[in-house]
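**Student:** What follows is the file protein_24.txt, containing compact mmCIF, C-alpha atoms:
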```
# COMPACT_ATOMS: atom_id res chain seq x y z
CA MET A 134 90.87 103.05 87.07
CA LYS A 135 94.62 102.63 86.57
CA GLN A 136 95.95 99.80 88.73
CA PHE A 137 98.85 100.27 91.12
CA LYS A 138 100.88 97.78 93.15
CA ILE A 139 101.24 99.18 96.66
CA ASP A 140 102.32 96.90 99.48
CA ASN A 141 102.66 97.72 103.14
CA THR A 142 106.25 98.38 104.16
CA ASP A 143 108.09 95.32 105.46
CA LYS A 144 108.20 95.72 109.24
CA ARG A 145 110.78 92.97 109.85
CA ILE A 146 113.64 95.48 110.11
CA ILE A 147 111.99 97.53 112.88
CA SER A 148 114.12 95.92 115.60
CA GLN A 149 117.32 96.61 113.63
CA ILE A 150 116.29 100.25 113.14
CA GLN A 151 115.59 100.59 116.86
CA ASP A 152 118.90 98.95 117.80
CA LYS A 153 120.80 101.42 115.63
CA LEU A 154 118.91 104.36 117.15
CA ASN A 155 119.46 103.09 120.70
CA ASN A 156 123.20 102.74 120.14
CA LYS A 157 123.75 106.34 119.05
CA THR A 158 125.64 108.53 121.53
CA LYS A 159 122.56 109.87 123.27
CA PRO A 160 120.04 108.78 125.88
CA ILE A 161 117.51 106.38 124.38
CA GLY A 162 114.66 108.26 122.72
CA SER A 163 116.17 111.67 123.41
CA LEU A 164 115.80 112.89 119.84
CA GLY A 165 112.05 112.44 120.11
CA LYS A 166 110.07 112.82 116.91
CA LEU A 167 113.25 112.85 114.82
CA GLU A 168 113.64 109.19 115.71
CA ASN A 169 110.08 108.46 114.58
CA ILE A 170 110.65 110.30 111.32
CA VAL A 171 113.84 108.50 110.38
CA SER A 172 112.32 105.16 111.39
CA ARG A 173 109.55 105.79 108.86
CA VAL A 174 112.09 106.70 106.16
CA CYS A 175 114.11 103.56 106.94
CA LEU A 176 111.00 101.40 106.63
CA ILE A 177 110.03 103.00 103.33
CA GLN A 178 113.52 102.50 101.88
CA GLN A 179 114.11 99.17 103.68
CA THR A 180 117.55 100.19 104.86
CA LEU A 181 119.39 101.29 108.00
CA SER A 182 121.26 103.92 105.95
CA PRO A 183 118.53 106.03 104.30
CA GLU A 184 119.16 108.64 101.63
CA LEU A 185 117.14 111.62 100.41
CA ASN A 186 117.82 112.11 96.72
CA ASN A 187 116.78 114.98 94.43
CA PRO A 188 113.74 116.15 96.45
CA HIS A 189 110.82 117.56 94.46
CA ILE A 190 107.59 119.34 95.25
CA LEU A 191 104.75 119.02 92.74
CA VAL A 192 102.17 121.82 92.74
CA PHE A 193 98.98 120.93 90.89
CA ALA A 194 96.73 123.83 89.87
CA ALA A 195 93.13 123.87 88.68
CA ASP A 196 89.90 125.83 88.89
CA HIS A 197 86.58 124.77 90.39
CA GLY A 198 83.07 125.33 89.12
CA ILE A 199 81.74 125.46 92.68
CA THR A 200 83.14 129.02 92.90
CA GLN A 201 80.05 130.08 90.93
CA GLU A 202 78.22 129.69 94.26
CA ASN A 203 80.34 132.38 95.98
CA VAL A 204 82.04 129.96 98.37
CA SER A 205 85.43 131.69 98.16
CA LYS A 206 86.64 135.13 99.17
CA TYR A 207 88.66 135.47 95.96
CA PRO A 208 87.62 135.15 92.30
CA SER A 209 88.71 132.11 90.33
CA GLU A 210 91.08 134.28 88.25
CA VAL A 211 93.46 134.23 91.21
CA THR A 212 94.34 130.61 90.39
CA HIS A 213 95.81 131.66 87.05
CA GLN A 214 97.48 134.72 88.55
CA MET A 215 99.13 132.72 91.32
CA VAL A 216 100.38 130.11 88.85
CA LEU A 217 102.09 132.92 86.93
CA ASN A 218 103.60 134.01 90.25
CA PHE A 219 104.95 130.48 90.79
CA LEU A 220 106.47 130.52 87.33
CA GLN A 221 108.07 133.90 88.03
CA GLU A 222 109.43 132.42 91.28
CA GLY A 223 107.75 134.99 93.48
CA ALA A 224 105.55 132.86 95.75
CA ALA A 225 106.24 131.49 99.22
CA ILE A 226 106.80 127.99 97.85
CA ASN A 227 109.49 129.34 95.51
CA VAL A 228 111.29 131.00 98.42
CA PHE A 229 111.30 127.87 100.57
CA CYS A 230 112.25 125.53 97.73
CA ARG A 231 115.22 127.76 96.85
CA GLN A 232 116.26 127.87 100.48
CA HIS A 233 116.28 124.09 100.85
CA ASP A 234 117.41 123.13 97.33
CA ILE A 235 114.13 121.43 96.41
CA ALA A 236 113.09 121.15 92.76
CA LEU A 237 109.65 122.64 92.09
CA LYS A 238 107.30 121.52 89.32
CA VAL A 239 104.06 123.37 88.57
CA ILE A 240 101.33 121.45 86.74
CA ASP A 241 98.32 122.91 84.94
CA ALA A 242 95.76 120.23 85.76
CA GLY A 243 92.78 122.38 84.79
CA ILE A 244 93.28 126.15 85.03
CA ASN A 245 90.53 128.25 83.46
CA ALA A 246 93.05 130.03 81.24
CA ASP A 247 95.58 129.21 78.54
CA VAL A 248 99.21 129.51 79.64
CA TYR A 249 101.50 128.46 76.82
CA ASN A 250 104.28 131.05 76.85
CA THR A 251 106.52 129.34 79.39
CA PRO A 252 108.40 126.04 79.30
CA LYS A 253 108.33 125.96 83.10
CA LEU A 254 104.67 124.96 83.26
CA ILE A 255 103.76 121.29 82.81
CA HIS A 256 100.63 121.15 80.64
CA GLN A 257 98.20 118.45 81.79
CA LYS A 258 94.92 120.33 81.50
CA ILE A 259 91.87 118.07 81.64
CA GLY A 260 89.51 121.00 81.15
CA LYS A 261 89.16 124.67 82.02
CA GLY A 262 88.05 124.00 85.56
CA THR A 263 85.60 121.44 86.86
CA ARG A 264 81.83 121.85 86.59
CA ASN A 265 79.76 123.26 89.43
CA PHE A 266 79.04 120.22 91.62
CA ALA A 267 76.16 122.09 93.26
CA LYS A 268 74.34 121.42 89.97
CA GLU A 269 76.16 118.52 88.25
CA PRO A 270 79.16 116.26 88.89
CA ALA A 271 82.46 118.14 88.88
CA MET A 272 83.88 115.74 86.32
CA THR A 273 82.98 112.49 84.60
CA VAL A 274 84.43 109.23 85.84
CA ASP A 275 86.45 109.07 82.61
CA GLU A 276 87.91 112.52 83.28
CA CYS A 277 88.73 111.49 86.83
CA ASN A 278 90.47 108.35 85.59
CA LEU A 279 92.45 110.42 83.10
CA ALA A 280 93.48 112.84 85.85
CA ILE A 281 94.72 109.98 88.05
CA GLU A 282 96.72 108.54 85.17
CA MET A 283 98.22 111.91 84.22
CA GLY A 284 99.23 112.50 87.82
CA SER A 285 101.04 109.18 87.92
CA THR A 286 102.97 110.20 84.80
CA ILE A 287 104.51 113.19 86.59
CA THR A 288 105.81 110.95 89.37
CA LYS A 289 107.36 108.59 86.83
CA GLN A 290 109.18 111.53 85.26
CA ILE A 291 110.77 112.74 88.48
CA LEU A 292 111.58 109.15 89.46
CA GLN A 293 113.72 108.92 86.33
CA LYS A 294 115.65 111.94 87.63
CA GLY A 295 116.63 110.04 90.76
CA CYS A 296 114.01 111.56 93.06
CA ASN A 297 113.03 109.40 96.03
CA ILE A 298 111.17 111.98 98.15
CA VAL A 299 108.32 114.10 96.81
CA GLY A 300 106.00 116.69 98.32
CA PHE A 301 102.53 117.57 97.10
CA GLY A 302 101.03 121.04 96.91
CA GLU A 303 98.15 122.72 95.10
CA MET A 304 96.61 125.95 93.94
CA GLY A 305 92.94 126.29 93.13
CA ILE A 306 90.39 128.83 94.27
CA GLY A 307 87.46 126.83 95.63
CA ASN A 308 89.40 123.69 96.39
CA THR A 309 88.75 123.78 100.14
CA SER A 310 85.10 123.19 99.23
CA SER A 311 85.97 120.07 97.26
CA ALA A 312 88.33 118.87 99.98
CA ALA A 313 85.74 119.40 102.72
CA VAL A 314 83.08 117.40 100.90
CA LEU A 315 85.53 114.58 100.11
CA MET A 316 86.50 114.52 103.79
CA HIS A 317 82.84 114.34 104.79
CA LYS A 318 82.07 111.54 102.35
CA PHE A 319 85.14 109.43 103.16
CA THR A 320 85.21 109.88 106.95
CA ASN A 321 81.46 110.16 107.64
CA LEU A 322 82.19 113.13 109.90
CA PRO A 323 79.48 115.83 109.91
CA LEU A 324 79.98 118.34 107.13
CA ASN A 325 80.18 121.26 109.57
CA GLU A 326 83.27 119.63 111.10
CA CYS A 327 84.90 119.53 107.67
CA VAL A 328 84.13 122.97 106.23
CA GLY A 329 86.45 125.87 107.05
CA LYS A 330 87.12 129.49 106.14
CA GLY A 331 89.37 128.67 103.19
CA THR A 332 90.92 131.89 101.92
CA GLY A 333 89.55 133.84 104.89
CA LEU A 334 85.75 133.93 104.87
CA ASN A 335 83.94 135.74 107.64
CA THR A 336 81.28 134.02 109.75
CA GLU A 337 78.40 134.93 107.45
CA GLN A 338 80.29 133.84 104.33
CA MET A 339 81.28 130.64 106.09
CA GLN A 340 77.64 129.82 106.85
CA HIS A 341 76.77 130.41 103.20
CA LYS A 342 79.56 128.06 102.13
CA LEU A 343 78.32 125.36 104.50
CA GLN A 344 74.75 125.70 103.25
CA VAL A 345 75.85 125.47 99.61
CA LEU A 346 77.94 122.38 100.26
CA GLN A 347 75.27 120.68 102.34
CA LYS A 348 72.73 121.23 99.57
CA ALA A 349 75.23 119.87 97.04
CA VAL A 350 75.87 116.73 99.12
CA ASN A 351 72.13 116.18 99.47
CA HIS A 352 71.82 116.38 95.69
CA TYR A 353 73.73 113.07 95.33
CA PRO A 354 72.31 110.77 98.03
CA ASP A 355 73.21 107.48 96.36
CA ILE A 356 76.91 107.99 95.63
CA LYS A 357 79.03 105.48 97.58
CA ASP A 358 81.75 104.37 95.15
CA PRO A 359 85.08 106.11 95.91
CA LEU A 360 85.94 106.85 92.29
CA GLU A 361 82.48 108.26 91.60
CA THR A 362 82.73 110.31 94.80
CA LEU A 363 86.06 111.78 93.72
CA ALA A 364 84.66 112.53 90.26
CA THR A 365 81.51 114.15 91.63
CA PHE A 366 83.07 116.44 94.24
CA GLY A 367 86.80 116.57 93.48
CA GLY A 368 89.00 118.83 91.43
CA PHE A 369 91.31 118.11 88.54
CA GLU A 370 94.29 119.03 90.72
CA ILE A 371 93.07 116.80 93.58
CA ALA A 372 92.59 113.82 91.27
CA GLN A 373 95.98 114.33 89.59
CA MET A 374 97.60 114.65 93.01
CA CYS A 375 95.90 111.40 94.03
CA GLY A 376 97.40 109.62 91.00
CA ALA A 377 100.84 111.11 91.64
CA MET A 378 100.72 109.94 95.26
CA LEU A 379 99.69 106.42 94.31
CA GLN A 380 102.53 106.16 91.78
CA ALA A 381 105.01 107.45 94.35
CA ALA A 382 103.92 104.82 96.86
CA GLU A 383 104.17 102.09 94.23
CA ASN A 384 107.77 103.18 93.64
CA LYS A 385 108.47 103.23 97.40
CA MET A 386 109.21 106.95 97.51
CA CYS A 387 108.75 109.08 100.62
CA LEU A 388 105.54 111.11 100.27
CA LEU A 389 105.46 114.54 101.92
CA ILE A 390 101.85 115.49 102.62
CA ASP A 391 101.06 119.19 102.91
CA GLY A 392 97.85 120.69 104.30
CA PHE A 393 94.09 120.30 104.03
CA ILE A 394 93.68 119.82 100.27
CA ALA A 395 96.74 117.58 99.85
CA THR A 396 95.55 115.45 102.76
CA ALA A 397 92.11 115.20 101.13
CA ALA A 398 93.84 113.91 97.99
CA LEU A 399 95.64 111.34 100.12
CA LEU A 400 92.38 110.43 101.86
CA SER A 401 90.94 109.78 98.40
CA ALA A 402 93.94 107.63 97.46
CA CYS A 403 93.47 105.63 100.68
CA GLN A 404 90.04 104.55 99.50
CA PHE A 405 91.73 102.62 96.70
CA TYR A 406 95.01 101.55 98.35
CA PRO A 407 95.11 101.89 102.16
CA ALA A 408 98.77 100.77 102.24
CA ILE A 409 99.76 104.16 100.81
CA LEU A 410 99.78 105.52 104.37
CA ASP A 411 102.97 103.56 105.12
CA TYR A 412 104.86 105.84 102.71
CA CYS A 413 103.65 109.20 104.06
CA LEU A 414 105.24 111.86 106.22
CA PHE A 415 102.67 114.43 107.33
CA CYS A 416 104.43 117.76 107.21
CA HIS A 417 102.15 120.01 109.23
CA GLN A 418 98.74 120.55 110.78
CA SER A 419 96.95 123.29 108.90
CA GLU A 420 94.93 126.01 110.59
CA GLU A 421 92.11 125.20 108.16
CA HIS A 422 89.14 123.85 110.09
CA GLY A 423 88.87 120.11 109.60
CA HIS A 424 92.52 119.31 108.97
CA LYS A 425 93.20 118.14 112.53
CA ALA A 426 90.16 115.86 112.38
CA MET A 427 91.35 114.48 109.05
CA LEU A 428 94.82 113.81 110.46
CA ASP A 429 93.25 112.16 113.52
CA TYR A 430 91.14 109.97 111.24
CA LEU A 431 94.30 108.88 109.41
CA LYS A 432 96.15 108.39 112.75
CA ALA A 433 98.77 110.79 111.42
CA GLU A 434 101.21 112.80 113.52
CA PRO A 435 102.24 116.07 111.83
CA ILE A 436 105.85 117.24 111.99
CA LEU A 437 104.99 120.94 112.31
CA ASN A 438 102.16 123.03 113.68
CA LEU A 439 102.76 126.61 112.56
CA ASP A 440 99.17 127.75 111.91
CA LEU A 441 99.79 127.60 108.16
CA ARG A 442 96.86 127.63 105.73
CA LEU A 443 98.53 128.67 102.50
CA GLY A 444 98.81 125.43 100.54
CA GLU A 445 101.28 125.42 97.63
CA GLY A 446 103.26 122.65 99.35
CA THR A 447 104.79 125.20 101.74
CA GLY A 448 104.46 122.84 104.72
CA CYS A 449 106.43 120.20 102.79
CA ALA A 450 109.25 122.61 102.03
CA LEU A 451 109.44 123.76 105.65
CA ALA A 452 109.40 120.23 107.07
CA TYR A 453 111.99 118.88 104.63
CA PRO A 454 115.11 120.11 106.52
CA ILE A 455 113.80 118.44 109.67
CA ILE A 456 113.43 115.16 107.79
CA GLN A 457 116.91 115.74 106.38
CA SER A 458 118.26 116.24 109.90
CA SER A 459 116.72 112.96 111.03
CA VAL A 460 118.38 111.09 108.18
CA ASN A 461 121.71 112.81 108.77
CA PHE A 462 121.88 111.90 112.44
CA MET A 463 121.01 108.29 111.63
CA ASN A 464 123.85 108.09 109.13
CA GLU A 465 126.50 110.34 110.72
CA MET A 466 126.08 110.33 114.49
CA ALA A 467 128.56 108.09 116.27
CA SER A 468 127.55 104.95 118.07
CA PHE A 469 128.69 104.29 121.62
CA GLN A 470 131.07 101.67 120.27
CA SER A 471 132.65 103.82 117.53
CA ALA A 472 133.04 106.76 119.91
CA GLY A 473 134.51 104.63 122.64
CA VAL A 474 131.82 105.73 125.08
CA SER A 475 131.04 103.22 127.79
CA THR A 476 127.43 102.53 128.69
CA GLU A 477 128.38 100.32 131.62
CA LYS A 478 127.81 101.66 135.11
CA THR A 479 131.00 101.65 137.18
CA ASP A 480 131.62 101.92 140.93
CA ASN A 481 133.48 105.06 141.95
```
Translate the structure of the given file into structure tokens.

**Tutor:**
Amino acid sequence: MKQFKIDNTDKRIISQIQDKLNNKTKPIGSLGKLENIVSRVCLIQQTLSPELNNPHILVFAADHGITQENVSKYPSEVTHQMVLNFLQEGAAINVFCRQHDIALKVIDAGINADVYNTPKLIHQKIGKGTRNFAKEPAMTVDECNLAIEMGSTITKQILQKGCNIVGFGEMGIGNTSSAAVLMHKFTNLPLNECVGKGTGLNTEQMQHKLQVLQKAVNHYPDIKDPLETLATFGGFEIAQMCGAMLQAAENKMCLLIDGFIATAALLSACQFYPAILDYCLFCHQSEEHGHKAMLDYLKAEPILNLDLRLGEGTGCALAYPIIQSSVNFMNEMASFQSAGVSTEKTDN
């Protein structure tokens, strides 16, 4: 596997960050979670004057062989159709990125279709969808390694454009199945606590999905190695997202983590480099069953809780202006000294 250099953030400036926050013209702690958010950004950037430069959201798209087992409400063709919608700027993620001036990159990590007629799509196809992991590993370890490396390449490209904050989204019919099994394998939580309705399954369809995934897990009783686990149950978009996240952490960028599938990619990355968590801002708690438990496992506090379960990086785009507000108040809000406001109690 490609090697990364990811260190924990240097905590020695925490007291300086807190002093600056406490001296703003406000009661101590009165901006609540905004103070926690900007403290994290300051630690990542190792500065008391943080900046958010050229924000990007990367949407990785791929198909999944597990859809052959009828675990999704929609056919796999929807992956390709939604990618075309992204490229035509008609999806929710396009709307929110335009609103907040965020650059959007769409990556073909393994769509089961050929899309060559647009320069807007980044072509990094490993294959036309993964294999059906109910019957055989989703990908080989070599394919998984290649996906991780290709994902890291995308981060390097946006880094050269001055980007220091990047969100991660995805599109892939069937990818909640992969994410649920990865969550189960990496957290040891029961599979039924990890599996959700995905694109909107009813109770009967949900039970079928759980049975399929449990049988698939039982088919590989000896798999313990994280890379082999990711290769066996993951998706090309999840593995590429994992590589992109690891590269972003190595370059000390702020990572914006979206919903269930993006968090599963991060959970996978944590198996290799636990320090990556120091660079993450968790944008929202998805309505998808299992996401709250995954966030709790990672000791992560989400910025938003809007009952989203769309994916695409939409949670990242919606949380970004809140992160931006936290940085702006840190840099622009007056201190008691500069505003000439006394904090000393006087006798009247």

**Student:** Please list as a short mmCIF file (atom, residue, chain, number, x, y, z; two decimals) with C-alpha atoms, in the coordinates of the input every residue within 7 Å of region 396-403 of chain A, counting only C-alpha atoms and excluding residues in the same chain fewer than 6 positions away.

**Tutor:**
```cif
data_model
loop_
_atom_site.label_atom_id
_atom_site.label_comp_id
_atom_site.auth_asym_id
_atom_site.auth_seq_id
_atom_site.Cartn_x
_atom_site.Cartn_y
_atom_site.Cartn_z
CA ALA A 312 88.33 118.87 99.98
CA LEU A 315 85.53 114.58 100.11
CA MET A 316 86.50 114.52 103.79
CA ILE A 371 93.07 116.80 93.58
CA ALA A 372 92.59 113.82 91.27
CA MET A 374 97.60 114.65 93.01
CA CYS A 375 95.90 111.40 94.03
CA LEU A 379 99.69 106.42 94.31
CA ILE A 390 101.85 115.49 102.62
CA ILE A 409 99.76 104.16 100.81
#
```

**Student:** Please list as a list in words every residue within 10 Å of Asp196 (chain A), counting all atoms listed in the file and excluding residues in the same chain fewer than 3 positions away.

**Tutor:**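 Residues near the query, excluding close chain neighbours: Ile199, Thr200, Ser209, Glu210, Val211, Thr212, His213, Asp241, Ala242, Gly243, Ile244, Asn245, Ala246, Gly260, Lys261, Gly262, Thr263, Arg264, Met304, Gly305, Ile306, Gly307, Asn308, Gly368, Phe369 and Glu370 of chain A.
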
**Student:** Can you tell me which residues surround Glu282 (chain A) at a distance of at most 10 Å, considering only C-alpha atoms, apart from same-chain residues fewer than 2 positions away, and format the answer as a list in words?

**Tutor:**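 The contact residues come out as Met134, Lys135, Gln136, Glu276, Cys277, Asn278, Leu279, Ala280, Gly284, Ser285, Thr286, Ile287, Ala372, Gln373, Met374, Cys375, Gly376, Ala377, Leu379 and Gln380 of chain A.
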
**Student:** Write the residues of the preceding selection, restricted to C-alpha atoms, as a JSON list (two decimals), keeping the file's coordinate frame.

**Tutor:**
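Written output follows (result.json):
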```
[["chain", "number", "residue", "atom", "x", "y", "z"],
["A", 134, "MET", "CA", 90.87, 103.05, 87.07],
["A", 135, "LYS", "CA", 94.62, 102.63, 86.57],
["A", 136, "GLN", "CA", 95.95, 99.80, 88.73],
["A", 276, "GLU", "CA", 87.91, 112.52, 83.28],
["A", 277, "CYS", "CA", 88.73, 111.49, 86.83],
["A", 278, "ASN", "CA", 90.47, 108.35, 85.59],
["A", 279, "LEU", "CA", 92.45, 110.42, 83.10],
["A", 280, "ALA", "CA", 93.48, 112.84, 85.85],
["A", 284, "GLY", "CA", 99.23, 112.50, 87.82],
["A", 285, "SER", "CA", 101.04, 109.18, 87.92],
["A", 286, "THR", "CA", 102.97, 110.20, 84.80],
["A", 287, "ILE", "CA", 104.51, 113.19, 86.59],
["A", 372, "ALA", "CA", 92.59, 113.82, 91.27],
["A", 373, "GLN", "CA", 95.98, 114.33, 89.59],
["A", 374, "MET", "CA", 97.60, 114.65, 93.01],
["A", 375, "CYS", "CA", 95.90, 111.40, 94.03],
["A", 376, "GLY", "CA", 97.40, 109.62, 91.00],
["A", 377, "ALA", "CA", 100.84, 111.11, 91.64],
["A", 379, "LEU", "CA", 99.69, 106.42, 94.31],
["A", 380, "GLN", "CA", 102.53, 106.16, 91.78]]
```

**Student:** Grab the CA of Lys348 (chain A) to CA of Ala271 (chain A) distance for me, in Å with one decimal place.

**Tutor:**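 Separation between CA of Lys348 (chain A) and CA of Ala271 (chain A): 14.8 Å.
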
**Student:** Determine, counting only C-alpha atoms, which protein, DNA and RNA residues have an atom within 12 Å of an atom of region 419-424 of chain A; residues of the same chain fewer than 2 positions away are not included. Present the result as a ChimeraX atom specification.

**Tutor:** /A:309-310,312-317,320,322-334,339,390-397,400,415-417,426-431,433-444,446-449

**Student:** Only C-alpha atoms, please: the residues just picked out, written as a PDB file, in the coordinates of the input.

**Tutor:**
```
ATOM      1  CA  THR A 309      88.750 123.780 100.140  1.00  0.00           C
ATOM      2  CA  SER A 310      85.100 123.190  99.230  1.00  0.00           C
ATOM      3  CA  ALA A 312      88.330 118.870  99.980  1.00  0.00           C
ATOM      4  CA  ALA A 313      85.740 119.400 102.720  1.00  0.00           C
ATOM      5  CA  VAL A 314      83.080 117.400 100.900  1.00  0.00           C
ATOM      6  CA  LEU A 315      85.530 114.580 100.110  1.00  0.00           C
ATOM      7  CA  MET A 316      86.500 114.520 103.790  1.00  0.00           C
ATOM      8  CA  HIS A 317      82.840 114.340 104.790  1.00  0.00           C
ATOM      9  CA  THR A 320      85.210 109.880 106.950  1.00  0.00           C
ATOM     10  CA  LEU A 322      82.190 113.130 109.900  1.00  0.00           C
ATOM     11  CA  PRO A 323      79.480 115.830 109.910  1.00  0.00           C
ATOM     12  CA  LEU A 324      79.980 118.340 107.130  1.00  0.00           C
ATOM     13  CA  ASN A 325      80.180 121.260 109.570  1.00  0.00           C
ATOM     14  CA  GLU A 326      83.270 119.630 111.100  1.00  0.00           C
ATOM     15  CA  CYS A 327      84.900 119.530 107.670  1.00  0.00           C
ATOM     16  CA  VAL A 328      84.130 122.970 106.230  1.00  0.00           C
ATOM     17  CA  GLY A 329      86.450 125.870 107.050  1.00  0.00           C
ATOM     18  CA  LYS A 330      87.120 129.490 106.140  1.00  0.00           C
ATOM     19  CA  GLY A 331      89.370 128.670 103.190  1.00  0.00           C
ATOM     20  CA  THR A 332      90.920 131.890 101.920  1.00  0.00           C
ATOM     21  CA  GLY A 333      89.550 133.840 104.890  1.00  0.00           C
ATOM     22  CA  LEU A 334      85.750 133.930 104.870  1.00  0.00           C
ATOM     23  CA  MET A 339      81.280 130.640 106.090  1.00  0.00           C
ATOM     24  CA  ILE A 390     101.850 115.490 102.620  1.00  0.00           C
ATOM     25  CA  ASP A 391     101.060 119.190 102.910  1.00  0.00           C
ATOM     26  CA  GLY A 392      97.850 120.690 104.300  1.00  0.00           C
ATOM     27  CA  PHE A 393      94.090 120.300 104.030  1.00  0.00           C
ATOM     28  CA  ILE A 394      93.680 119.820 100.270  1.00  0.00           C
ATOM     29  CA  ALA A 395      96.740 117.580  99.850  1.00  0.00           C
ATOM     30  CA  THR A 396      95.550 115.450 102.760  1.00  0.00           C
ATOM     31  CA  ALA A 397      92.110 115.200 101.130  1.00  0.00           C
ATOM     32  CA  LEU A 400      92.380 110.430 101.860  1.00  0.00           C
ATOM     33  CA  PHE A 415     102.670 114.430 107.330  1.00  0.00           C
ATOM     34  CA  CYS A 416     104.430 117.760 107.210  1.00  0.00           C
ATOM     35  CA  HIS A 417     102.150 120.010 109.230  1.00  0.00           C
ATOM     36  CA  ALA A 426      90.160 115.860 112.380  1.00  0.00           C
ATOM     37  CA  MET A 427      91.350 114.480 109.050  1.00  0.00           C
ATOM     38  CA  LEU A 428      94.820 113.810 110.460  1.00  0.00           C
ATOM     39  CA  ASP A 429      93.250 112.160 113.520  1.00  0.00           C
ATOM     40  CA  TYR A 430      91.140 109.970 111.240  1.00  0.00           C
ATOM     41  CA  LEU A 431      94.300 108.880 109.410  1.00  0.00           C
ATOM     42  CA  ALA A 433      98.770 110.790 111.420  1.00  0.00           C
ATOM     43  CA  GLU A 434     101.210 112.800 113.520  1.00  0.00           C
ATOM     44  CA  PRO A 435     102.240 116.070 111.830  1.00  0.00           C
ATOM     45  CA  ILE A 436     105.850 117.240 111.990  1.00  0.00           C
ATOM     46  CA  LEU A 437     104.990 120.940 112.310  1.00  0.00           C
ATOM     47  CA  ASN A 438     102.160 123.030 113.680  1.00  0.00           C
ATOM     48  CA  LEU A 439     102.760 126.610 112.560  1.00  0.00           C
ATOM     49  CA  ASP A 440      99.170 127.750 111.910  1.00  0.00           C
ATOM     50  CA  LEU A 441      99.790 127.600 108.160  1.00  0.00           C
ATOM     51  CA  ARG A 442      96.860 127.630 105.730  1.00  0.00           C
ATOM     52  CA  LEU A 443      98.530 128.670 102.500  1.00  0.00           C
ATOM     53  CA  GLY A 444      98.810 125.430 100.540  1.00  0.00           C
ATOM     54  CA  GLY A 446     103.260 122.650  99.350  1.00  0.00           C
ATOM     55  CA  THR A 447     104.790 125.200 101.740  1.00  0.00           C
ATOM     56  CA  GLY A 448     104.460 122.840 104.720  1.00  0.00           C
ATOM     57  CA  CYS A 449     106.430 120.200 102.790  1.00  0.00           C
TER      58      CYS A 449
END
```

**Student:** Just checking: using only C-alpha atoms, which residue out of A:Lys153, A:Lys318, A:Lys385, A:Lys258 ends up closest to Lys357 (chain A)?

**Tutor:**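 Checking each candidate against Lys357 (chain A), we get A:Lys318 as the closest.
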
**Student:** Interatomic distance between CA of Gly302 (chain A) and CA of Leu191 (chain A)?

**Tutor:**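 So the two atoms, CA of Gly302 (chain A) and CA of Leu191 (chain A), lie 5.9 Å apart.
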
**Student:** What is the CA of Gln470 (chain A)-CA of Glu168 (chain A) distance in Å, reported with one decimal?

**Tutor:**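 Between CA of Gln470 (chain A) and CA of Glu168 (chain A) the gap is 19.5 Å.
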
**Student:** Please list as an mmCIF file with C-alpha atoms, in the frame of the given file every residue within 12 Å of Gln293 (chain A), counting all atoms listed in the file and excluding residues in the same chain fewer than 3 positions away.

**Tutor:**
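Wrote part-v4.cif, looks like this:
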```
data_model
loop_
_atom_site.group_PDB
_atom_site.id
_atom_site.type_symbol
_atom_site.label_atom_id
_atom_site.label_comp_id
_atom_site.auth_asym_id
_atom_site.auth_seq_id
_atom_site.Cartn_x
_atom_site.Cartn_y
_atom_site.Cartn_z
ATOM 1 C CA ASN A 186 117.820 112.110 96.720
ATOM 2 C CA ASN A 187 116.780 114.980 94.430
ATOM 3 C CA THR A 286 102.970 110.200 84.800
ATOM 4 C CA ILE A 287 104.510 113.190 86.590
ATOM 5 C CA THR A 288 105.810 110.950 89.370
ATOM 6 C CA LYS A 289 107.360 108.590 86.830
ATOM 7 C CA GLN A 290 109.180 111.530 85.260
ATOM 8 C CA CYS A 296 114.010 111.560 93.060
ATOM 9 C CA ASN A 297 113.030 109.400 96.030
ATOM 10 C CA ALA A 381 105.010 107.450 94.350
ATOM 11 C CA ASN A 384 107.770 103.180 93.640
#
```

**Student:** Name the closest residue to Ser205 (chain A) among the candidates A:Val460, A:Leu360, A:Leu164, A:Val345; distances are taken between atoms, counting only C-alpha atoms.

**Tutor:**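 Selected residue with least distance to Ser205 (chain A): A:Val345.
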
**Student:** I need the residue nearest Ser182 (chain A) from this list: A:Phe462, A:Ala195, A:Val474, A:Pro407. Use only C-alpha atoms for the distance.

**Tutor:**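 Checking each candidate against Ser182 (chain A), we get A:Phe462 as the closest.
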
**Student:** Show me the residues around (74.6, 119.1, 88.2) - criterion: an atom at most 10 Å away, all atoms listed in the file counted - as a PyMOL selection string.

**Tutor:** chain A and resi 264-271+349+352-353+365

**Student:** Considering only C-alpha atoms, can you say which of A:Leu181, A:Met466, A:Leu389, A:Ile240 comes closest to Asp152 (chain A)?

**Tutor:** A:Leu181

**Student:** Taking all atoms listed in the file into account, which of A:Met272, A:Pro188, A:Ala194, A:Lys425 comes nearest Ala236 (chain A)?

**Tutor:**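 Among the listed residues, A:Pro188 lies closest to Ala236 (chain A).
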
**Student:** Give the answer as one residue: which of A:Ile161, A:Leu363, A:Leu220, A:Leu346 has the shortest atom-to-atom distance to Asp275 (chain A), using all atoms listed in the file?

**Tutor:**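 Nearest to Asp275 (chain A): A:Leu363.
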